[in-house]
file run_4.pdb (PDB, C-alpha atoms, pLDDT in the B column)
ATOM      1  CA  MET C 168      62.541 -99.063 -45.424  1.00 54.00           C
ATOM      2  CA  CYS C 169      60.224 -96.266 -44.390  1.00 64.00           C
ATOM      3  CA  PRO C 170      61.696 -93.025 -43.053  1.00 68.00           C
ATOM      4  CA  ALA C 171      61.671 -92.449 -39.304  1.00 69.00           C
ATOM      5  CA  ILE C 172      58.598 -90.796 -37.827  1.00 73.00           C
ATOM      6  CA  GLU C 173      59.619 -87.328 -36.674  1.00 72.00           C
ATOM      7  CA  ASN C 174      58.276 -85.615 -33.550  1.00 70.00           C
ATOM      8  CA  PRO C 175      55.891 -88.300 -32.275  1.00 75.00           C
ATOM      9  CA  ALA C 176      53.656 -87.459 -29.368  1.00 76.00           C
ATOM     10  CA  THR C 177      55.079 -88.805 -26.114  1.00 80.00           C
ATOM     11  CA  PRO C 178      51.915 -90.757 -25.210  1.00 82.00           C
ATOM     12  CA  GLU C 179      52.193 -92.454 -28.592  1.00 85.00           C
ATOM     13  CA  VAL C 180      55.668 -93.736 -27.724  1.00 87.00           C
ATOM     14  CA  TRP C 181      54.489 -94.879 -24.290  1.00 87.00           C
ATOM     15  CA  SER C 182      51.627 -96.764 -25.925  1.00 88.00           C
ATOM     16  CA  VAL C 183      54.085 -98.515 -28.220  1.00 89.00           C
ATOM     17  CA  ILE C 184      56.238 -99.484 -25.228  1.00 91.00           C
ATOM     18  CA  ARG C 185      53.190-100.821 -23.407  1.00 90.00           C
ATOM     19  CA  SER C 186      51.988-102.860 -26.383  1.00 91.00           C
ATOM     20  CA  LEU C 187      55.438-104.319 -27.098  1.00 93.00           C
ATOM     21  CA  LEU C 188      55.841-105.182 -23.429  1.00 92.00           C
ATOM     22  CA  ALA C 189      52.472-106.958 -23.524  1.00 92.00           C
ATOM     23  CA  ARG C 190      53.936-109.129 -26.305  1.00 93.00           C
ATOM     24  CA  ASN C 191      56.715-110.160 -23.892  1.00 93.00           C
ATOM     25  CA  ASN C 192      59.465-108.199 -25.610  1.00 94.00           C
ATOM     26  CA  ARG C 193      62.484-107.347 -23.480  1.00 94.00           C
ATOM     27  CA  PRO C 194      63.245-103.661 -22.829  1.00 93.00           C
ATOM     28  CA  ILE C 195      66.340-103.721 -25.065  1.00 93.00           C
ATOM     29  CA  GLU C 196      64.278-105.157 -27.934  1.00 94.00           C
ATOM     30  CA  ILE C 197      61.649-102.472 -27.367  1.00 92.00           C
ATOM     31  CA  TYR C 198      64.375 -99.814 -27.418  1.00 93.00           C
ATOM     32  CA  ARG C 199      65.761-101.130 -30.728  1.00 92.00           C
ATOM     33  CA  GLN C 200      62.305-101.184 -32.319  1.00 91.00           C
ATOM     34  CA  LEU C 201      61.626 -97.633 -31.136  1.00 89.00           C
ATOM     35  CA  CYS C 202      64.926 -96.503 -32.660  1.00 88.00           C
ATOM     36  CA  ASP C 203      64.062 -98.225 -35.934  1.00 88.00           C
ATOM     37  CA  VAL C 204      60.688 -96.510 -36.186  1.00 87.00           C
ATOM     38  CA  TYR C 205      61.261 -93.134 -34.510  1.00 85.00           C
ATOM     39  CA  GLY C 206      65.002 -92.593 -34.910  1.00 83.00           C
ATOM     40  CA  GLN C 207      67.964 -92.838 -32.547  1.00 82.00           C
ATOM     41  CA  ARG C 208      67.081 -89.797 -30.458  1.00 80.00           C
ATOM     42  CA  ILE C 209      63.581 -90.861 -29.432  1.00 84.00           C
ATOM     43  CA  MET C 210      64.398 -92.073 -25.917  1.00 85.00           C
ATOM     44  CA  ILE C 211      67.377 -93.381 -23.970  1.00 88.00           C
ATOM     45  CA  LYS C 212      67.619 -97.045 -22.967  1.00 91.00           C
ATOM     46  CA  SER C 213      67.269 -96.367 -19.254  1.00 90.00           C
ATOM     47  CA  ARG C 214      64.032 -94.450 -19.805  1.00 90.00           C
ATOM     48  CA  VAL C 215      62.584 -97.337 -21.841  1.00 91.00           C
ATOM     49  CA  ARG C 216      63.563 -99.707 -19.006  1.00 93.00           C
ATOM     50  CA  GLN C 217      61.899 -97.419 -16.461  1.00 91.00           C
ATOM     51  CA  TRP C 218      58.654 -97.326 -18.457  1.00 90.00           C
ATOM     52  CA  CYS C 219      58.724-101.123 -18.744  1.00 92.00           C
ATOM     53  CA  ILE C 220      59.150-101.407 -14.969  1.00 92.00           C
ATOM     54  CA  ASP C 221      56.278 -98.966 -14.408  1.00 90.00           C
ATOM     55  CA  PHE C 222      53.961-100.944 -16.692  1.00 90.00           C
ATOM     56  CA  LYS C 223      54.987-104.252 -15.075  1.00 91.00           C
ATOM     57  CA  ASN C 224      54.263-102.791 -11.646  1.00 90.00           C
ATOM     58  CA  GLY C 225      50.682-102.083 -12.618  1.00 88.00           C
ATOM     59  CA  ARG C 226      50.666 -98.705 -14.296  1.00 85.00           C
ATOM     60  CA  THR C 227      47.789 -98.696 -16.749  1.00 80.00           C
ATOM     61  CA  SER C 228      47.522 -95.078 -17.815  1.00 78.00           C
ATOM     62  CA  VAL C 229      49.659 -93.780 -20.617  1.00 72.00           C
ATOM     63  CA  PRO C 230      49.459 -90.008 -20.126  1.00 65.00           C
ATOM     64  CA  ASP C 231      51.276 -88.346 -17.233  1.00 57.00           C
ATOM     65  CA  GLU C 232      49.455 -88.553 -13.969  1.00 55.00           C
ATOM     66  CA  ASP C 233      48.203 -85.309 -12.515  1.00 53.00           C
ATOM     67  CA  ARG C 234      50.807 -83.561 -10.446  1.00 53.00           C
ATOM     68  CA  ASP C 235      50.294 -81.245  -7.552  1.00 53.00           C
ATOM     69  CA  SER C 236      51.396 -77.995  -9.065  1.00 54.00           C
ATOM     70  CA  CYS C 237      51.234 -74.477  -7.835  1.00 55.00           C
ATOM     71  CA  PRO C 238      48.386 -72.491  -9.293  1.00 54.00           C
ATOM     72  CA  SER C 239      49.425 -69.833 -11.743  1.00 56.00           C
ATOM     73  CA  LEU C 240      50.224 -66.540 -10.093  1.00 50.00           C
ATOM     74  CA  VAL C 241      49.586 -64.601 -13.275  1.00 57.00           C
ATOM     75  CA  ILE C 242      46.031 -63.431 -13.048  1.00 69.00           C
ATOM     76  CA  ASP C 243      44.301 -60.495 -14.635  1.00 76.00           C
ATOM     77  CA  ASP C 244      44.332 -58.539 -11.378  1.00 81.00           C
ATOM     78  CA  LEU C 245      48.113 -58.875 -11.046  1.00 85.00           C
ATOM     79  CA  GLU C 246      48.615 -57.869 -14.670  1.00 87.00           C
ATOM     80  CA  MET C 247      46.444 -54.781 -14.129  1.00 88.00           C
ATOM     81  CA  GLN C 248      48.425 -53.832 -11.015  1.00 90.00           C
ATOM     82  CA  ILE C 249      51.712 -54.122 -12.890  1.00 89.00           C
ATOM     83  CA  ASN C 250      50.292 -52.134 -15.791  1.00 89.00           C
ATOM     84  CA  ASP C 251      49.146 -49.399 -13.387  1.00 91.00           C
ATOM     85  CA  LYS C 252      52.646 -49.214 -11.859  1.00 89.00           C
ATOM     86  CA  ILE C 253      54.152 -48.890 -15.321  1.00 87.00           C
ATOM     87  CA  ARG C 254      51.780 -46.072 -16.220  1.00 87.00           C
ATOM     88  CA  GLU C 255      52.664 -44.239 -12.977  1.00 89.00           C
ATOM     89  CA  ASN C 256      56.356 -44.224 -13.878  1.00 84.00           C
ATOM     90  CA  CYS C 257      57.470 -45.447 -17.294  1.00 77.00           C
ATOM     91  CA  ARG C 258      61.177 -45.016 -16.412  1.00 80.00           C
ATOM     92  CA  PHE C 259      61.310 -48.050 -14.155  1.00 80.00           C
ATOM     93  CA  THR C 260      63.621 -51.015 -14.152  1.00 84.00           C
ATOM     94  CA  ILE C 261      62.398 -54.564 -13.828  1.00 86.00           C
ATOM     95  CA  THR C 262      64.198 -54.797 -10.485  1.00 87.00           C
ATOM     96  CA  GLU C 263      62.356 -51.739  -9.164  1.00 88.00           C
ATOM     97  CA  LEU C 264      59.075 -53.114 -10.393  1.00 88.00           C
ATOM     98  CA  SER C 265      59.727 -56.531  -8.845  1.00 87.00           C
ATOM     99  CA  GLU C 266      60.326 -54.827  -5.479  1.00 89.00           C
ATOM    100  CA  HIS C 267      56.731 -53.577  -5.625  1.00 88.00           C
ATOM    101  CA  PHE C 268      55.535 -57.157  -6.169  1.00 86.00           C
ATOM    102  CA  PRO C 269      57.579 -59.368  -3.801  1.00 85.00           C
ATOM    103  CA  GLN C 270      55.134 -62.269  -4.148  1.00 83.00           C
ATOM    104  CA  ILE C 271      56.390 -63.050  -7.668  1.00 84.00           C
ATOM    105  CA  SER C 272      59.873 -63.510  -9.066  1.00 85.00           C
ATOM    106  CA  ARG C 273      61.774 -60.938 -11.089  1.00 87.00           C
ATOM    107  CA  SER C 274      61.723 -63.183 -14.163  1.00 86.00           C
ATOM    108  CA  LEU C 275      57.948 -63.522 -13.927  1.00 86.00           C
ATOM    109  CA  VAL C 276      57.594 -59.738 -13.696  1.00 87.00           C
ATOM    110  CA  LEU C 277      59.699 -59.418 -16.860  1.00 88.00           C
ATOM    111  CA  GLN C 278      57.575 -62.054 -18.601  1.00 87.00           C
ATOM    112  CA  ILE C 279      54.365 -60.227 -17.691  1.00 87.00           C
ATOM    113  CA  VAL C 280      55.747 -56.866 -18.842  1.00 87.00           C
ATOM    114  CA  VAL C 281      57.108 -58.114 -22.153  1.00 86.00           C
ATOM    115  CA  GLU C 282      54.846 -60.998 -23.164  1.00 84.00           C
ATOM    116  CA  LYS C 283      51.502 -60.343 -21.471  1.00 83.00           C
ATOM    117  CA  LEU C 284      51.394 -56.548 -21.512  1.00 85.00           C
ATOM    118  CA  GLY C 285      53.421 -56.132 -24.698  1.00 84.00           C
ATOM    119  CA  TYR C 286      55.898 -53.476 -23.518  1.00 82.00           C
ATOM    120  CA  GLN C 287      59.402 -53.038 -24.835  1.00 80.00           C
ATOM    121  CA  LYS C 288      62.312 -50.883 -23.727  1.00 74.00           C
ATOM    122  CA  CYS C 289      62.872 -47.775 -25.839  1.00 68.00           C
ATOM    123  CA  CYS C 290      65.185 -44.915 -24.807  1.00 66.00           C
ATOM    124  CA  ALA C 291      65.005 -45.820 -21.098  1.00 60.00           C
ATOM    125  CA  ARG C 292      61.204 -45.949 -21.187  1.00 64.00           C
ATOM    126  CA  TRP C 293      58.802 -48.834 -21.385  1.00 65.00           C
ATOM    127  CA  ILE C 294      56.324 -48.285 -24.174  1.00 64.00           C
ATOM    128  CA  PRO C 295      53.658 -50.410 -25.837  1.00 66.00           C
ATOM    129  CA  LYS C 296      54.961 -52.233 -28.910  1.00 68.00           C
ATOM    130  CA  ILE C 297      52.214 -51.035 -31.212  1.00 68.00           C
ATOM    131  CA  LEU C 298      52.497 -47.288 -31.643  1.00 66.00           C
ATOM    132  CA  THR C 299      51.274 -45.116 -34.435  1.00 72.00           C
ATOM    133  CA  GLU C 300      53.578 -42.628 -36.118  1.00 78.00           C
ATOM    134  CA  ASN C 301      51.767 -39.866 -34.230  1.00 78.00           C
ATOM    135  CA  HIS C 302      52.580 -41.553 -30.887  1.00 69.00           C
ATOM    136  CA  LYS C 303      56.232 -41.981 -31.821  1.00 70.00           C
ATOM    137  CA  LYS C 304      56.636 -38.203 -32.347  1.00 70.00           C
TER     138      LYS C 304
END

call {"tool": "encode", "arguments": {"input": "run_4.pdb", "output": "structure tokens"}}
result
Amino acid sequence: MCPAIENPATPEVWSVIRSLLARNNRPIEIYRQLCDVYGQRIMIKSRVRQWCIDFKNGRTSVPDEDRDSCPSLVIDDLEMQINDKIRENCRFTITELSEHFPQISRSLVLQIVVEKLGYQKCCARWIPKILTENHKK
């Protein structure tokens, strides 16, 4: 027996469900075949049943349908404003900084500071991660 396929793409699994359903397999049979091929943790039975119902009710597309999502608030202008605030006072806390930008959450401010701008906390100051030895003195 071949080893289980690890980390399949979700649309691949949905395509398998759709093709097995087209062959008039019952949802429990589809679930068992998925477990045989992809391993026990691929999908729960109720999710396989739900996909079968969706396909029987006329769903034809395999990938997720477009969702109405909020546009990303992280734009270059916002990043520059946060960077300017940091350069004005490098002894800030994330809470203080988030008070200057009430339109975004505190966690998003932290993400911008750490991941986008590349700052890290060092001796109660926020500094860029990449410093030369001369800068560190």

call {"tool": "atom_distance", "arguments": {"input": "run_4.pdb", "atom1": "atom CA of Met247 of chain C", "atom2": "atom CA of Lys283 of chain C"}}
result
10.5 Å

call {"tool": "closest_residue", "arguments": {"input": "run_4.pdb", "among": "C:Thr299, C:Asn174, C:Ile279, C:Val180", "to": "Val229 of chain C", "atoms": "all atoms listed in the file"}}
result
C:Val180

call {"tool": "residues_near_point", "arguments": {"input": "run_4.pdb", "point": "(58.6, -51.8, -13.7)", "cutoff": "12 Å", "atoms": "all atoms listed in the file", "output": "ChimeraX atom specification"}}
result
/C:246,248-268,273-281,284,286-288,291-294

call {"tool": "residues_around", "arguments": {"input": "run_4.pdb", "residues": "Lys223 of chain C", "least_positions_apart": "5", "cutoff": "10 Å", "atoms": "all atoms listed in the file", "output": "list in words"}}
result
Arg185, Leu188, Ala189, Gln217 and Trp218 of chain C

call {"tool": "closest_residue", "arguments": {"input": "run_4.pdb", "among": "C:Leu245, C:Ile271, C:Ile172, C:Leu201", "to": "Ser186 of chain C", "atoms": "all atoms listed in the file"}}
result
C:Leu201
